[in-house]
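With compact mmCIF, C-alpha atoms inside, this is structure-v3.txt:
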# COMPACT_ATOMS: atom_id res chain seq x y z
CA ASP A 1 -28.32 -25.96 -46.31
CA LEU A 2 -25.28 -27.03 -44.25
CA PHE A 3 -25.18 -23.57 -42.70
CA LYS A 4 -28.82 -23.75 -41.66
CA LYS A 5 -28.62 -27.36 -40.46
CA HIS A 6 -25.51 -27.16 -38.29
CA HIS A 7 -24.91 -23.51 -37.43
CA ALA A 8 -27.85 -21.13 -37.99
CA LYS A 9 -29.75 -22.55 -35.01
CA GLY A 10 -30.04 -19.57 -32.68
CA GLU A 11 -27.93 -18.17 -29.85
CA TRP A 12 -24.57 -19.87 -29.29
CA LYS A 13 -23.51 -18.80 -25.80
CA GLY A 14 -19.86 -19.16 -24.88
CA VAL A 15 -16.73 -17.81 -23.27
CA TRP A 16 -14.24 -16.42 -25.79
CA THR A 17 -10.77 -17.25 -24.48
CA SER A 18 -7.74 -15.69 -26.18
CA TYR A 19 -4.23 -17.16 -26.00
CA ASP A 20 -0.92 -15.57 -26.91
CA TYR A 21 1.94 -17.15 -28.84
CA LEU A 22 3.14 -18.99 -25.70
CA GLY A 23 -0.28 -20.45 -24.96
CA ASP A 24 -1.04 -18.14 -22.02
CA VAL A 25 -4.56 -16.82 -21.51
CA ILE A 26 -4.60 -13.09 -22.19
CA ASP A 27 -8.31 -12.34 -22.31
CA GLU A 28 -11.74 -13.85 -21.66
CA THR A 29 -15.09 -12.50 -22.78
CA VAL A 30 -18.58 -13.85 -22.14
CA ALA A 31 -20.50 -13.49 -25.38
CA SER A 32 -22.80 -15.21 -27.83
CA VAL A 33 -22.90 -15.66 -31.58
CA ASN A 34 -26.48 -15.25 -32.73
CA LEU A 35 -27.19 -16.93 -36.07
CA ASP A 36 -30.89 -16.42 -36.81
CA TYR A 37 -32.45 -17.83 -39.95
CA ASP A 38 -35.21 -15.80 -41.65
CA GLU A 39 -37.30 -18.36 -43.51
CA ASN A 40 -39.20 -15.78 -45.56
CA ALA A 41 -36.10 -13.97 -46.83
CA ASP A 42 -33.96 -17.12 -46.81
CA THR A 43 -31.16 -15.24 -45.04
CA VAL A 44 -29.11 -15.71 -41.89
CA GLN A 45 -28.39 -12.71 -39.68
CA GLN A 46 -25.22 -12.86 -37.56
CA VAL A 47 -25.03 -10.70 -34.44
CA HIS A 48 -22.47 -10.88 -31.64
CA LYS A 49 -23.89 -10.18 -28.19
CA ILE A 50 -21.07 -9.16 -25.83
CA VAL A 51 -21.50 -9.07 -22.04
CA VAL A 52 -20.09 -5.70 -20.92
CA GLY A 53 -21.36 -5.73 -17.33
CA ALA A 54 -23.00 -8.03 -14.80
CA LYS A 55 -24.66 -7.92 -11.41
CA LYS A 56 -24.37 -10.93 -9.12
CA SER A 57 -27.55 -12.08 -7.40
CA ASP A 58 -27.34 -12.48 -3.61
CA CYS A 59 -30.08 -15.09 -3.25
CA ALA A 60 -30.28 -18.70 -4.37
CA ASN A 61 -33.62 -18.31 -6.16
CA CYS A 62 -32.71 -15.16 -8.09
CA PHE A 63 -30.92 -14.75 -11.39
CA ASP A 64 -27.84 -12.74 -12.26
CA SER A 65 -28.43 -9.77 -14.56
CA PHE A 66 -26.18 -8.93 -17.50
CA GLU A 67 -25.64 -5.80 -19.53
CA THR A 68 -24.96 -6.68 -23.16
CA LYS A 69 -23.95 -4.92 -26.35
CA ASP A 70 -25.12 -6.10 -29.77
CA MET A 71 -22.67 -5.97 -32.67
CA PRO A 72 -24.17 -6.76 -36.12
CA VAL A 73 -21.66 -8.75 -38.17
CA ALA A 74 -23.20 -9.89 -41.46
CA LYS A 75 -26.30 -11.05 -43.30
CA TYR A 76 -25.78 -14.23 -45.32
CA SER A 77 -27.73 -15.51 -48.30
CA GLN A 78 -27.24 -18.17 -50.95
CA GLU A 79 -25.66 -15.56 -53.23
CA LYS A 80 -23.63 -13.78 -50.53
CA LEU A 81 -21.63 -15.97 -48.16
CA TYR A 82 -18.62 -13.63 -48.09
CA LYS A 83 -15.58 -15.79 -47.17
CA ALA A 84 -17.57 -18.51 -45.42
CA ARG A 85 -17.42 -22.06 -46.74
CA PHE A 86 -19.08 -25.17 -45.38
CA GLY A 87 -18.29 -28.87 -45.39
CA SER A 88 -20.36 -31.44 -43.51
CA ILE A 89 -20.59 -30.19 -39.89
CA GLY A 90 -17.64 -27.81 -40.30
CA MET A 91 -17.28 -24.20 -41.35
CA ILE A 92 -14.42 -21.88 -42.25
CA ASN A 93 -14.54 -18.11 -42.42
CA GLY A 94 -11.52 -16.60 -44.11
CA PRO A 95 -8.69 -16.13 -44.41
CA SER A 96 -9.57 -12.45 -44.21
CA LEU A 97 -7.58 -9.24 -43.83
CA LEU A 98 -8.56 -7.06 -40.87
CA ARG A 99 -8.35 -3.28 -40.63
CA SER A 100 -5.34 -3.66 -38.33
CA GLY A 101 -3.41 -5.36 -41.15
CA SER A 102 -3.51 -8.78 -39.51
CA MET A 103 -5.09 -11.88 -41.05
CA SER A 104 -7.88 -13.92 -39.46
CA THR A 105 -8.81 -17.55 -40.14
CA GLU A 106 -11.84 -19.02 -38.33
CA LEU A 107 -12.62 -22.74 -38.02
CA VAL A 108 -15.85 -24.08 -36.53
CA LEU A 109 -17.03 -27.61 -35.71
CA SER A 110 -20.61 -28.29 -34.59
CA TRP A 111 -21.94 -31.30 -32.69
CA LYS A 112 -25.51 -31.60 -31.33
CA ASP A 113 -26.09 -28.55 -29.07
CA GLY A 114 -22.43 -27.51 -28.97
CA ARG A 115 -19.75 -25.93 -31.14
CA VAL A 116 -16.03 -25.24 -30.90
CA ARG A 117 -14.92 -22.10 -32.70
CA VAL A 118 -11.28 -21.13 -33.20
CA ILE A 119 -9.75 -18.00 -34.74
CA PHE A 120 -6.07 -17.90 -35.72
CA GLN A 121 -4.66 -14.38 -36.14
CA HIS A 122 -1.38 -13.70 -37.97
CA ALA A 123 0.41 -10.34 -38.27
CA PRO A 124 3.16 -9.12 -40.64
CA VAL A 125 6.77 -9.70 -39.57
CA TRP A 126 10.14 -8.77 -41.07
CA ARG A 127 13.49 -10.50 -40.95
CA ALA A 128 16.01 -9.57 -38.27
CA GLY A 129 17.77 -6.34 -39.16
CA VAL A 130 14.97 -5.11 -41.42
CA GLU A 131 13.03 -2.08 -40.25
CA PRO A 132 9.33 -3.06 -39.90
CA GLY A 133 7.27 -1.31 -42.54
CA SER A 134 10.27 -0.38 -44.67
CA GLY A 135 9.25 -2.92 -47.30
CA PRO A 136 7.00 -5.91 -47.91
CA PRO A 137 6.74 -8.27 -44.92
CA ASP A 138 8.69 -11.51 -45.02
CA GLY A 139 5.90 -13.49 -43.41
CA LEU A 140 2.83 -13.54 -41.21
CA LYS A 141 3.43 -14.69 -37.63
CA LEU A 142 0.80 -16.09 -35.29
CA PHE A 143 0.24 -13.73 -32.38
CA ARG A 144 -3.22 -14.54 -31.03
CA THR A 145 -5.60 -17.51 -31.00
CA MET A 146 -9.17 -17.37 -29.76
CA VAL A 147 -11.08 -20.48 -28.63
CA SER A 148 -14.78 -20.49 -27.83
CA ARG A 149 -16.75 -23.42 -26.45
CA GLU A 150 -20.34 -22.57 -27.41
CA ALA A 151 -23.71 -24.15 -26.77
CA LEU A 152 -27.41 -23.65 -27.37
CA ARG A 153 -28.08 -23.58 -23.63
CA ASP A 154 -29.42 -21.18 -21.03
CA GLN A 155 -25.89 -20.35 -19.88
CA PRO A 156 -22.44 -20.47 -21.49
CA PRO A 157 -20.69 -23.79 -20.88
CA THR A 158 -18.28 -23.57 -17.93
CA PRO A 159 -17.12 -26.16 -15.39
CA GLU A 160 -19.71 -24.80 -12.95
CA THR A 161 -22.69 -24.74 -15.33
CA GLU A 162 -21.92 -28.24 -16.64
CA SER A 163 -21.59 -29.54 -13.08
CA ASN A 164 -24.93 -28.02 -12.05
CA ASN A 165 -26.71 -29.06 -15.27
CA PRO A 166 -24.87 -31.99 -16.88
CA PRO A 167 -25.47 -32.27 -20.65
CA THR A 168 -27.63 -35.23 -21.63
CA GLY A 169 -27.53 -37.69 -24.50
CA ASP A 170 -24.78 -37.12 -27.07
CA ASN A 171 -24.52 -33.41 -26.26
CA PRO A 172 -20.88 -32.54 -25.59
CA VAL A 173 -19.37 -32.12 -22.14
CA PHE A 174 -16.80 -29.40 -22.78
CA PHE A 175 -15.00 -29.52 -19.45
CA ARG A 176 -14.06 -33.13 -18.95
CA GLY A 177 -10.78 -34.93 -18.80
CA VAL A 178 -9.76 -36.77 -21.96
CA PRO A 179 -6.73 -39.03 -21.43
CA PRO A 180 -4.02 -38.89 -24.13
CA PHE A 181 -4.55 -42.50 -25.22
CA ALA A 182 -8.19 -41.73 -26.08
CA TRP A 183 -6.99 -40.08 -29.29
CA HIS A 184 -5.18 -43.23 -30.43
CA LYS A 185 -7.99 -45.51 -31.61
CA VAL A 186 -9.23 -47.09 -34.81
CA TRP A 187 -11.37 -44.37 -36.39
CA SER A 188 -13.80 -44.85 -39.29
CA GLY A 189 -16.26 -42.48 -40.90
CA THR A 190 -16.64 -39.91 -43.65
CA SER A 191 -14.57 -37.05 -45.05
CA TRP A 192 -15.75 -33.95 -46.92
CA THR A 193 -13.11 -32.23 -49.04
CA TRP A 194 -13.07 -29.09 -51.15
CA GLY A 195 -10.50 -27.57 -53.50
CA PRO A 196 -10.61 -24.72 -56.02
CA SER A 197 -10.27 -27.13 -58.95
CA THR A 198 -11.89 -30.28 -57.56
CA GLY A 199 -14.91 -28.74 -55.83
CA ASN A 200 -16.81 -30.61 -53.12
CA ARG A 201 -16.23 -34.33 -52.69
CA GLY A 202 -17.27 -36.98 -50.19
CA TRP A 203 -15.20 -39.94 -49.05
CA SER A 204 -15.72 -43.01 -46.92
CA ILE A 205 -12.87 -43.96 -44.57
CA ASP A 206 -12.91 -47.56 -43.36
CA GLU A 207 -9.84 -47.07 -41.18
CA MET A 208 -7.75 -43.94 -40.84
CA GLU A 209 -4.11 -44.44 -41.78
CA GLU A 210 -1.42 -43.52 -39.28
CA VAL A 211 0.08 -40.82 -41.51
CA ASP A 212 -3.34 -39.13 -41.65
CA ALA A 213 -3.92 -39.30 -37.87
CA TRP A 214 -2.38 -35.90 -37.12
CA HIS A 215 -4.64 -35.59 -34.05
CA GLY A 216 -2.42 -38.23 -32.44
CA ARG A 217 0.68 -36.06 -32.94
CA PRO A 218 -0.30 -33.01 -30.88
CA THR A 219 2.93 -31.06 -31.42
CA GLY A 220 2.69 -31.45 -35.19
CA ASP A 221 4.95 -32.86 -37.89
CA ASN A 222 7.41 -29.97 -38.28
CA PRO A 223 8.85 -27.08 -36.22
CA ASN A 224 6.54 -24.54 -37.87
CA VAL A 225 3.46 -26.06 -36.19
CA TRP A 226 2.01 -24.13 -33.24
CA ASN A 227 -0.15 -26.37 -31.07
CA LEU A 228 -2.44 -26.23 -28.08
CA ARG A 229 -4.39 -29.15 -26.61
CA LEU A 230 -7.11 -28.30 -24.10
CA PRO A 231 -9.38 -30.25 -21.74
CA GLY A 232 -12.55 -31.57 -23.29
CA GLY A 233 -10.76 -33.22 -26.19
CA ILE A 234 -9.79 -30.08 -28.14
CA LEU A 235 -6.62 -29.85 -30.21
CA LEU A 236 -5.42 -26.86 -32.24
CA GLN A 237 -2.61 -26.81 -34.78
CA GLY A 238 -1.66 -23.82 -36.88
CA PRO A 239 1.34 -22.33 -38.68
CA ARG A 240 3.71 -20.27 -36.56
CA VAL A 241 4.72 -18.31 -39.64
CA ILE A 242 3.07 -18.17 -43.07
CA SER A 243 5.56 -17.48 -45.85
CA GLY A 244 4.86 -16.02 -49.26
CA GLY A 245 2.88 -18.21 -51.63
CA GLU A 246 3.16 -21.38 -49.53
CA ALA A 247 0.01 -23.13 -48.30
CA GLU A 248 -0.05 -23.72 -44.54
CA LEU A 249 -2.55 -25.78 -42.55
CA CYS A 250 -4.88 -24.56 -39.80
CA ARG A 251 -6.34 -27.52 -37.93
CA LEU A 252 -8.98 -28.17 -35.28
CA ALA A 253 -9.74 -31.60 -33.80
CA TRP A 254 -12.45 -32.24 -31.22
CA MET A 255 -13.76 -35.29 -29.38
CA PRO A 256 -17.28 -34.18 -28.36
CA THR A 257 -17.96 -37.68 -26.97
CA GLU A 258 -15.73 -40.57 -25.97
CA ASP A 259 -16.29 -42.43 -29.25
CA THR A 260 -16.56 -39.46 -31.66
CA LEU A 261 -13.77 -37.55 -33.38
CA ILE A 262 -14.43 -34.60 -35.68
CA ARG A 263 -11.74 -32.58 -37.46
CA ALA A 264 -11.41 -29.53 -39.69
CA GLU A 265 -8.36 -28.68 -41.77
CA ALA A 266 -7.92 -25.59 -43.94
CA GLY A 267 -5.06 -24.82 -46.33
CA VAL A 268 -4.33 -21.09 -46.16
CA ILE A 269 -2.36 -19.14 -48.77
CA ALA A 270 -1.08 -15.61 -48.11
CA LEU A 271 1.60 -13.15 -49.27
CA GLU A 272 1.42 -14.45 -52.83
CA PRO A 273 3.37 -11.88 -54.90
CA MET A 274 1.65 -9.95 -57.68
CA TYR A 275 3.91 -9.12 -60.64
CA LEU A 276 3.63 -6.85 -63.66
CA GLU A 277 4.70 -7.87 -67.18
CA ASP A 278 8.22 -6.57 -66.51
CA ASP A 279 8.48 -8.91 -63.49
CA SER A 280 8.35 -6.05 -60.99
CA MET A 281 6.34 -6.84 -57.85
CA VAL A 282 3.52 -4.43 -57.13
CA GLY A 283 1.94 -6.08 -54.10
CA PHE A 284 0.30 -9.24 -52.84
CA TYR A 285 -2.83 -11.08 -53.83
CA PRO A 286 -5.49 -11.24 -51.10
CA PRO A 287 -5.17 -14.29 -48.83
CA SER A 288 -7.12 -17.27 -50.09
CA LEU A 289 -8.38 -20.69 -49.11
CA GLY A 290 -6.49 -23.46 -50.87
CA SER A 291 -8.31 -26.48 -49.43
CA LEU A 292 -10.84 -27.58 -46.85
CA ARG A 293 -11.38 -30.95 -45.23
CA VAL A 294 -13.89 -31.97 -42.56
CA ASP A 295 -13.92 -35.46 -41.01
CA VAL A 296 -16.63 -37.12 -38.91
CA MET A 297 -15.28 -40.28 -37.27
CA LYS A 298 -16.52 -42.97 -34.91
CA LYS A 299 -14.36 -45.26 -32.83
CA THR A 300 -14.51 -48.76 -34.26
CA GLY A 301 -11.72 -50.49 -32.36
CA GLU A 302 -8.48 -50.33 -30.42
CA LEU A 303 -5.05 -49.79 -31.98
CA GLU A 304 -2.47 -52.49 -31.47
CA ASN A 305 0.55 -51.28 -29.50
CA ALA A 306 -1.20 -47.96 -28.97
CA SER A 307 1.14 -47.21 -26.07
CA LEU A 308 3.98 -46.73 -28.58
CA PHE A 309 2.19 -43.64 -29.88
CA VAL A 310 1.69 -42.07 -26.45
CA ARG A 311 4.68 -40.37 -24.94
CA ASP A 312 5.48 -40.76 -21.26
CA GLY A 313 4.18 -37.92 -19.17
CA GLU A 314 1.78 -36.67 -21.84
CA THR A 315 -1.13 -34.85 -20.23
CA ASP A 316 -4.55 -33.63 -21.23
CA THR A 317 -3.17 -30.12 -21.77
CA ILE A 318 -0.21 -29.58 -24.10
CA ARG A 319 1.14 -26.06 -24.56
CA PRO A 320 3.01 -24.83 -27.63
CA ARG A 321 6.77 -25.23 -27.60
CA THR A 322 8.92 -22.16 -27.07
CA GLU A 323 11.44 -20.93 -29.64
CA ALA A 324 14.26 -22.28 -27.43
CA GLU A 325 12.64 -25.73 -27.30
CA ILE A 326 12.20 -25.77 -31.06
CA GLU A 327 15.83 -24.78 -31.61
CA ALA A 328 16.95 -27.47 -29.15
CA ALA A 329 14.87 -30.07 -31.00
CA ARG A 330 16.39 -29.01 -34.32
CA LYS A 331 19.91 -29.27 -32.86
CA SER A 332 19.17 -32.69 -31.38
CA GLU A 333 17.81 -33.93 -34.70
CA SER A 334 20.89 -32.58 -36.49
CA ASP A 335 23.20 -34.29 -34.01
CA GLU A 336 21.34 -37.57 -34.43
CA ASN A 337 21.66 -37.36 -38.21
CA LYS A 338 25.43 -36.75 -37.90
CA SER A 339 25.68 -39.71 -35.53
CA ASP A 340 23.77 -41.93 -37.96
CA ASP A 341 26.08 -40.91 -40.80
CA SER A 342 29.20 -41.83 -38.78
CA ASN A 343 27.87 -45.24 -37.67
CA ASP A 344 27.05 -46.96 -40.92
CA GLY A 345 27.91 -50.33 -39.38
CA ASP A 346 25.65 -49.93 -36.37
CA SER A 347 23.66 -53.09 -35.66
CA GLY A 348 20.59 -51.09 -34.57
CA LEU A 349 20.79 -52.06 -30.89
CA ASP A 350 20.80 -48.41 -29.80
CA ALA A 351 17.53 -47.81 -31.64
CA VAL A 352 15.97 -50.89 -30.02
CA ARG A 353 17.05 -49.76 -26.57
CA ALA A 354 15.64 -46.26 -27.20
CA ALA A 355 12.32 -47.76 -28.32
CA LEU A 356 12.11 -49.89 -25.18
CA GLN A 357 12.46 -46.77 -23.06
CA LEU A 358 9.39 -45.07 -24.56
What would the structure in this file look like if it were written as structure tokens?
Amino acid sequence: DLFKKHHAKGEWKGVWTSYDYLGDVIDETVASVNLDYDENADTVQQVHKIVVGAKKSDCANCFDSFETKDMPVAKYSQEKLYKARFGSIGMINGPSLLRSGSMSTELVLSWKDGRVRVIFQHAPVWRAGVEPGSGPPDGLKLFRTMVSREALRDQPPTPETESNNPPTGDNPVFFRGVPPFAWHKVWSGTSWTWGPSTGNRGWSIDEMEEVDAWHGRPTGDNPNVWNLRLPGGILLQGPRVISGGEAELCRLAWMPTEDTLIRAEAGVIALEPMYLEDDSMVGFYPPSLGSLRVDVMKKTGELENASLFVRDGETDTIRPRTEAEIEAARKSESDENKSDDSNDGDSGLDAVRAALQL
């Protein structure tokens, strides 16, 4: 029912934008995800329609023509959802192994006539000095992330189409500036959670706690977090490397309107060793979903001292940190810890001065 209500609503037109590990755009494709519900068979047919050619019209009253290619993807039913799982307005597909040997994890959030769809792709990597393919991989490293802003409109959402035909009502404006402090508010709403042992659960959140407000910490809580924040109130966080048997979080946060925040978080498990009775490893279990959480929040107030949470110079777009920046941050943190250990009698004035400079 959640699939039919929030996703299987027709032709989601969009521009599929792919980013590399450094956050640079490496590819863009105009395409649509067609999710058509057959009421008689109670099935949903998914077809991707890819634009492979276009002819530009030379008159103001004419329309551009497009050459498209249809790619059937899947047919869903109550008994056959493959690796798709739904929670509230969110959806996850995966994690799934591709023919190339990489792993794909797709997160989707839907709001009114729009959706944001993100695919994280991880590929096997080996430690330095180990010949790739000579043995089991030591991890899965993020190498590609696809983001698609999609809408049930006549044309895919772009800055030009939204300027010519502004969305009305609560329909999302994908290409708008969202200042950094807009994320730091008092948010209240509902949360849908799922786990293999707990099943589906619903929660009411009167006020989100600071530790849970990861959308306000765009670069993440540890060096293994890859991040990308985009105009239109879109934030991505995903693991740079997934190690064997450890759950890592793929996250998508989106502000479709100024007073609405929706989030999806999936715990992904991969490279879990498979052992025989004699403790010899014979392979890996297929990647699996360890948890799913979807939040739908409304702004209910302003945070006190919100400026303390917003760093100077923070912009609407935040790119992922490079390996050199991460290493520098680790070194700085290590130096600070050594300094703290050698100044047990410090009165704390240095910390106060540092706070005043934020």
Take every atom of range 186-197 of chain A listed in the file, fit an axis-aligned box around them, add 3 Å per side, and give the centre and edge lengths in Å to one decimal as AutoDock Vina command-line options.
--center_x -12.9 --center_y -35.9 --center_z -46.9 --size_x 13.4 --size_y 28.4 --size_z 30.1
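If you measure from each of A:Leu236, A:Ala151, A:Leu228, A:Leu22 to Ala264 in chain A using only C-alpha atoms, the closest one turns out to be A:Leu236.
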Requested in this report: Using only C-alpha atoms, determine which residues lie at most 7 Å from Tyr19 in chain A, disregarding the query and same-chain residues fewer than 6 positions distant; provide the list as a PyMOL selection string.
Outcome: chain A and resi 25-26+144-146
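Among the candidates A:Ser110, A:Asn171, A:Asn222, A:Thr105, the residue lying nearest to Ala270 in chain A is A:Thr105 (atoms considered: all atoms listed in the file).
Close contacts of Ile234 in chain A, defined as residues with an atom at most 8 Å away when counting all atoms listed in the file, with chain neighbours fewer than 5 positions off set aside, comprise Arg229, Leu252, Ala253, Trp254 and Met255 of chain A.
Considering only C-alpha atoms, the residue among A:Glu210, A:Asp27, A:Glu265, A:Asp38 positioned nearest to Val294 in chain A is A:Glu265.
Picture a line from CA of Pro239 in chain A to CA of His215 in chain A; it runs 15.3 Å.
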Query - Test item: residues at most 12 Å from Glu162 in chain A, all atoms listed in the file, excluding those fewer than 2 positions along its chain, as JSON, numbers by chain - result: {"A": [151, 153, 154, 155, 156, 157, 158, 159, 160, 164, 165, 166, 167, 168, 171, 172, 173, 174, 175, 176, 232]}
**Report entry** Close residues, Val51 in chain A itself excluded, 12 Å, all atoms listed in the file, min 6 positions apart in chain, as a VMD selection string
**Finding:** chain A and resid 13 to 16 28 to 33 65 to 71 156
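Distance check against Pro256 in chain A using all atoms listed in the file: of A:Leu109, A:Val211, A:Val118, A:Val47, the minimum falls on A:Leu109.
Look at Ala182 in chain A: the protein and nucleic acid residues within 9 Å of it, using only C-alpha atoms and passing over chain neighbours fewer than 5 places away, are Gly233, Glu258 and Asp259 of chain A.
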Query raised in the report: Could you state the separation of CA of Phe86 in chain A and CA of Lys5 in chain A in Å, given to one decimal place?
Result: 11.0 Å
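Interatomic distance, CA of Gly139 in chain A against CA of Arg127 in chain A: 8.5 Å.
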Report task. In the coordinates of the file, take the point (-12.8, -49.4, -40.9) and a cut-off of 6 Å; then, counting only C-alpha atoms, name each qualifying protein, DNA or RNA residue as a PyMOL selection string. Result -> chain A and resi 188+206-207
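The nearest approach to Glu248 in chain A among the residues A:Ala41, A:Leu230, A:Leu140, A:Val178, with all atoms listed in the file taken into account, belongs to A:Leu140.
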